[in-house]
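**Q** Structure below; questions to follow.
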Amino acid sequence: MFDIEIRNHLFIPSEFSIPANTKIKLVVYNRDATPEEFESYELNREKVITGNRKATIFIGPLPAGEYPFFGEFYPETAQGKIIAE
Amino acid sequence: MLLNSVIIILREVLEAALLISVLLVLTQSLERSFRWVSWALLSGMIGAMVYAIGIDAISEWFDGVGQEVVNALLQAGIFSLIAVTMVLLPRQLYTRESGRLLAFVMILTVALVLTREGAEVTIYLYGFLRGSDQLFRVLLGAAIGASIGVSASVLFYYTLRNLSKRRTIGIGVVVLMLVGSGMALQAAQLLIQADWLPARLPIWDSSGWISETSVTGQLLYALIGYEATPTAIQAGFQFGGLLLLAIVFLVCQWRYRATTRLIVDS
């Protein structure tokens, strides 16, 4: 299980590694009062997380590589990357 | 913020507006009343509001994957309604039936699409309503995005309408089938995300040809639910869904053609 946070429209941490070819459970805590949408074309994932809530997202199994994700509502700052290795 | 708002709203509006314009052009070709549209828009907007208000509670359902499950159910509902449309359309083509049932099915279809797409827009905009200095730019962006989406659909509507009736109906039916198969693919995708369907490695990667972030990719997403890296289950749902809709339509059409003469003719 992996936990990340959204704070001031930033993902913390914005980069983290997961094992390749393994399904993982990611929990995203939105510490802002505003809603955000976790989105990634590379991961095929999309989920709304309203203010001060958390969301569970299952990810993978992924071949080794880099998978960017972003906050669709605040993409100028909310950017991150998952590294499968 | 402005450009982002344009993109978000355009994406959601385009998907709904494209489907509405196909249903409208079919209604027009069958010479049926457009009255169903206002009911569809009204019920869709109510649906979107209810979904947006209930999003926190819904997200908690099924151990935190309520959003995925509800969205998958909405997509599955749209697919089923399109399948019912495939049954009803041939009858409309060959008989002078009133078309009230078809109008009702179209209302439900559009209501479900608007519930899904509209809820996201509502949540996004509502986030800025509470004392954000970005509000004006976000609303302006939303208006621009919505206008582009609606314009594209109006253009699509008139392009289809200007063809011969037979061709209009033919293309309209095929587009509906493609939209339906995209719904099946997206439903599978959401159930994979919820861990209700097994996650597997993608069977191909077409992002080098058509990136999901490109304009073509976005248009294809709105039309057929395009995924650059689908898994076997997703591809199976899409092709299976398309095949099912095509068989349903062709069987129903064949049944009516055997007994009656085509009324709509150009």
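Simple scheme: letters A, B, ... for chains in structure tokens order, numbers from 1 for residues in each chain, numbers from 1 for ligands in the order shown.
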Name all residues at most 10 Å from A:Ser17 (count only C-alpha atoms; drop same-chain ones fewer than 3 positions away) and give them as a VMD selection string.
**A** chain A and resid 2 20 65 to 66 81 to 85
**Q** Using only C-alpha atoms and a distance of at most 9 Å, pull out the residues of chain A that contact chain B, as an MDAnalysis selection string.
**A** chainID A and resid 21 23 33:37 41:51 53:63 72:76
**Q** How would the residues just picked look written out with N, CA and C atoms as a short mmCIF file (atom, residue, chain, number, x, y, z; two decimals), in the first residue's frame?
**A**
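Output saved as result_11.cif:
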data_model
loop_
_atom_site.label_atom_id
_atom_site.label_comp_id
_atom_site.auth_asym_id
_atom_site.auth_seq_id
_atom_site.Cartn_x
_atom_site.Cartn_y
_atom_site.Cartn_z
N ASN A 21 5.33 -4.93 -12.58
CA ASN A 21 4.51 -6.14 -12.76
C ASN A 21 3.77 -6.59 -11.51
N LYS A 23 0.45 -5.45 -8.80
CA LYS A 23 -0.67 -4.54 -8.54
C LYS A 23 -0.49 -3.92 -7.16
N ALA A 33 -8.87 22.06 0.74
CA ALA A 33 -10.33 22.16 0.88
C ALA A 33 -11.02 22.01 -0.47
N THR A 34 -10.22 22.16 -1.56
CA THR A 34 -10.81 22.12 -2.91
C THR A 34 -10.74 20.70 -3.49
N PRO A 35 -11.68 20.36 -4.39
CA PRO A 35 -11.63 19.04 -5.00
C PRO A 35 -10.48 18.92 -5.99
N GLU A 36 -10.05 17.70 -6.24
CA GLU A 36 -9.01 17.45 -7.24
C GLU A 36 -9.39 16.16 -7.95
N GLU A 37 -8.86 16.00 -9.16
CA GLU A 37 -9.07 14.73 -9.85
C GLU A 37 -7.73 14.12 -10.17
N TYR A 41 -3.18 9.34 -18.09
CA TYR A 41 -3.45 8.63 -19.34
C TYR A 41 -2.61 7.36 -19.40
N GLU A 42 -1.36 7.46 -18.89
CA GLU A 42 -0.45 6.32 -18.98
C GLU A 42 -0.90 5.18 -18.07
N LEU A 43 -1.52 5.55 -16.93
CA LEU A 43 -1.99 4.52 -15.99
C LEU A 43 -3.44 4.13 -16.25
N ASN A 44 -4.12 4.85 -17.14
CA ASN A 44 -5.56 4.65 -17.37
C ASN A 44 -6.35 4.83 -16.08
N ARG A 45 -6.05 5.87 -15.35
CA ARG A 45 -6.76 6.07 -14.09
C ARG A 45 -7.35 7.48 -14.03
N GLU A 46 -8.51 7.59 -13.34
CA GLU A 46 -9.21 8.87 -13.25
C GLU A 46 -10.13 8.79 -12.05
N LYS A 47 -9.94 9.68 -11.07
CA LYS A 47 -10.81 9.61 -9.89
C LYS A 47 -10.89 10.96 -9.18
N VAL A 48 -12.11 11.37 -8.90
CA VAL A 48 -12.34 12.64 -8.19
C VAL A 48 -12.09 12.44 -6.69
N ILE A 49 -11.36 13.39 -6.08
CA ILE A 49 -11.16 13.36 -4.63
C ILE A 49 -11.59 14.72 -4.10
N THR A 50 -12.69 14.77 -3.39
CA THR A 50 -13.17 16.06 -2.90
C THR A 50 -12.31 16.54 -1.74
N GLY A 51 -12.52 17.78 -1.32
CA GLY A 51 -11.69 18.42 -0.30
C GLY A 51 -11.67 17.64 1.01
N ARG A 53 -10.69 14.70 1.76
CA ARG A 53 -11.09 13.29 1.67
C ARG A 53 -9.93 12.48 1.12
N LYS A 54 -10.10 11.17 1.13
CA LYS A 54 -9.07 10.32 0.53
C LYS A 54 -9.70 9.43 -0.52
N ALA A 55 -8.87 8.91 -1.41
CA ALA A 55 -9.37 8.01 -2.44
C ALA A 55 -8.44 6.82 -2.57
N THR A 56 -9.04 5.66 -2.79
CA THR A 56 -8.26 4.45 -3.01
C THR A 56 -8.22 4.16 -4.50
N ILE A 57 -7.03 3.96 -5.03
CA ILE A 57 -6.90 3.67 -6.46
C ILE A 57 -5.97 2.46 -6.63
N PHE A 58 -6.46 1.44 -7.31
CA PHE A 58 -5.61 0.28 -7.59
C PHE A 58 -4.83 0.56 -8.87
N ILE A 59 -3.52 0.27 -8.82
CA ILE A 59 -2.66 0.57 -9.97
C ILE A 59 -1.82 -0.65 -10.34
N GLY A 60 -1.66 -0.85 -11.65
CA GLY A 60 -0.82 -1.93 -12.13
C GLY A 60 -1.59 -3.23 -12.28
N PRO A 61 -0.90 -4.30 -12.66
CA PRO A 61 0.55 -4.45 -12.83
C PRO A 61 1.08 -3.64 -14.02
N LEU A 62 2.26 -3.05 -13.82
CA LEU A 62 2.85 -2.19 -14.85
C LEU A 62 4.21 -2.72 -15.28
N PRO A 63 4.49 -2.69 -16.59
CA PRO A 63 5.86 -2.97 -17.03
C PRO A 63 6.78 -1.87 -16.49
N GLU A 72 -6.18 16.91 -12.49
CA GLU A 72 -6.82 17.53 -13.65
C GLU A 72 -7.34 18.93 -13.33
N PHE A 73 -7.70 19.18 -12.09
CA PHE A 73 -8.29 20.48 -11.75
C PHE A 73 -7.23 21.57 -11.54
N TYR A 74 -6.02 21.17 -11.15
CA TYR A 74 -4.92 22.15 -10.95
C TYR A 74 -3.63 21.62 -11.59
N PRO A 75 -3.65 21.41 -12.91
CA PRO A 75 -2.50 20.74 -13.54
C PRO A 75 -1.23 21.60 -13.59
N GLU A 76 -1.36 22.92 -13.37
CA GLU A 76 -0.15 23.76 -13.41
C GLU A 76 0.84 23.31 -12.33
#
**Q** Take atom CA of B:Ile9 and atom CA of B:Ala119 and report the distance between them in Å, one decimal.
**A** 11.3 Å
**Q** Mind checking which residues fall within 6 Å of stretch 100-114 of chain B, counting only C-alpha atoms, ignoring those fewer than 6 positions away in the same chain, and posting them as a list in words?
**A** Trp36, Ala40, Ser43, Gly44 and Ile78 of chain B
**Q** What is the atom CA of B:Leu223 to atom CA of B:Leu26 distance in Å?
**A** 16.8 Å
**Q** Got a sec: who's within 10 Å of B:Gln28, counting only C-alpha atoms, leaving out chain neighbours fewer than 4 positions off, as a PDB file with C-alpha atoms, in the first residue's frame?
**A**
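Writing the result to out23.pdb gives the following:
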ATOM      1  CA  VAL B  22     -26.681  11.738 -33.175  1.00  0.00           C
ATOM      2  CA  LEU B  23     -29.949  11.034 -31.362  1.00  0.00           C
ATOM      3  CA  LEU B  24     -31.355  14.331 -32.646  1.00  0.00           C
ATOM      4  CA  ARG B  32     -40.491  12.444 -34.837  1.00  0.00           C
ATOM      5  CA  SER B  33     -40.885  15.238 -32.286  1.00  0.00           C
ATOM      6  CA  PHE B  34     -37.833  16.916 -30.682  1.00  0.00           C
ATOM      7  CA  ARG B 161     -28.547  15.904 -41.791  1.00  0.00           C
ATOM      8  CA  LYS B 165     -31.992  10.087 -45.293  1.00  0.00           C
ATOM      9  CA  THR B 168     -27.988   9.743 -42.360  1.00  0.00           C
ATOM     10  CA  ILE B 169     -29.709   6.893 -40.555  1.00  0.00           C
TER      11      ILE B 169
END
**Q** Work out how far apart atom CA of B:Ile144 and atom CA of A:Glu39 are and give it in Å to one decimal.
**A**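 Atom-to-atom, atom CA of B:Ile144 and atom CA of A:Glu39 are spaced 22.6 Å apart.
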**Q** For B:Val70, list every protein, DNA or RNA residue within 10 Å, evaluated using only C-alpha atoms, and leave out those in the same chain fewer than 6 positions away; present the list as a PyMOL selection string.
**A** chain B and resi 51+58-59+61+76+116+187+190-191
**Q** What's the 8 Å shell around B:Ile224, counting only C-alpha atoms, without same-chain residues fewer than 2 positions away, as a list in words?
**A**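 Contacts, in chain order: Leu178, Val179, Gly180, Ser181, Gly182, Met183, Leu220, Tyr221, Ala222 and Tyr226 of chain B.
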**Q** Could the residues in this selection be saved with C-alpha atoms as a CSV table (one decimal), in the first residue's frame?
**A**
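So the final result, stored in again05.csv, reads:
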chain,number,residue,atom,x,y,z
B,178,LEU,CA,-19.4,2.9,-31.7
B,179,VAL,CA,-20.4,5.2,-28.7
B,180,GLY,CA,-22.0,2.1,-27.1
B,181,SER,CA,-18.9,0.0,-27.5
B,182,GLY,CA,-16.8,2.8,-26.0
B,183,MET,CA,-19.2,2.7,-23.0
B,220,LEU,CA,-11.6,9.3,-30.5
B,221,TYR,CA,-12.1,9.1,-26.7
B,222,ALA,CA,-15.3,11.1,-27.0
B,226,TYR,CA,-10.3,5.3,-27.1
**Q** Using DSSP on the backbone coordinates, identify the residues of chain A assigned to strand (DSSP E); present them as a ChimeraX atom specification.
**A** /A:2-7,10-12,15-18,24-30,36-40,45-49,54-59,65-71,79-84
**Q** Give the answer as one residue: which of B:Ser80, B:Asn71, B:Thr95, B:Ser164 has the shortest atom-to-atom distance to B:Leu245, using only C-alpha atoms?
**A** B:Ser80
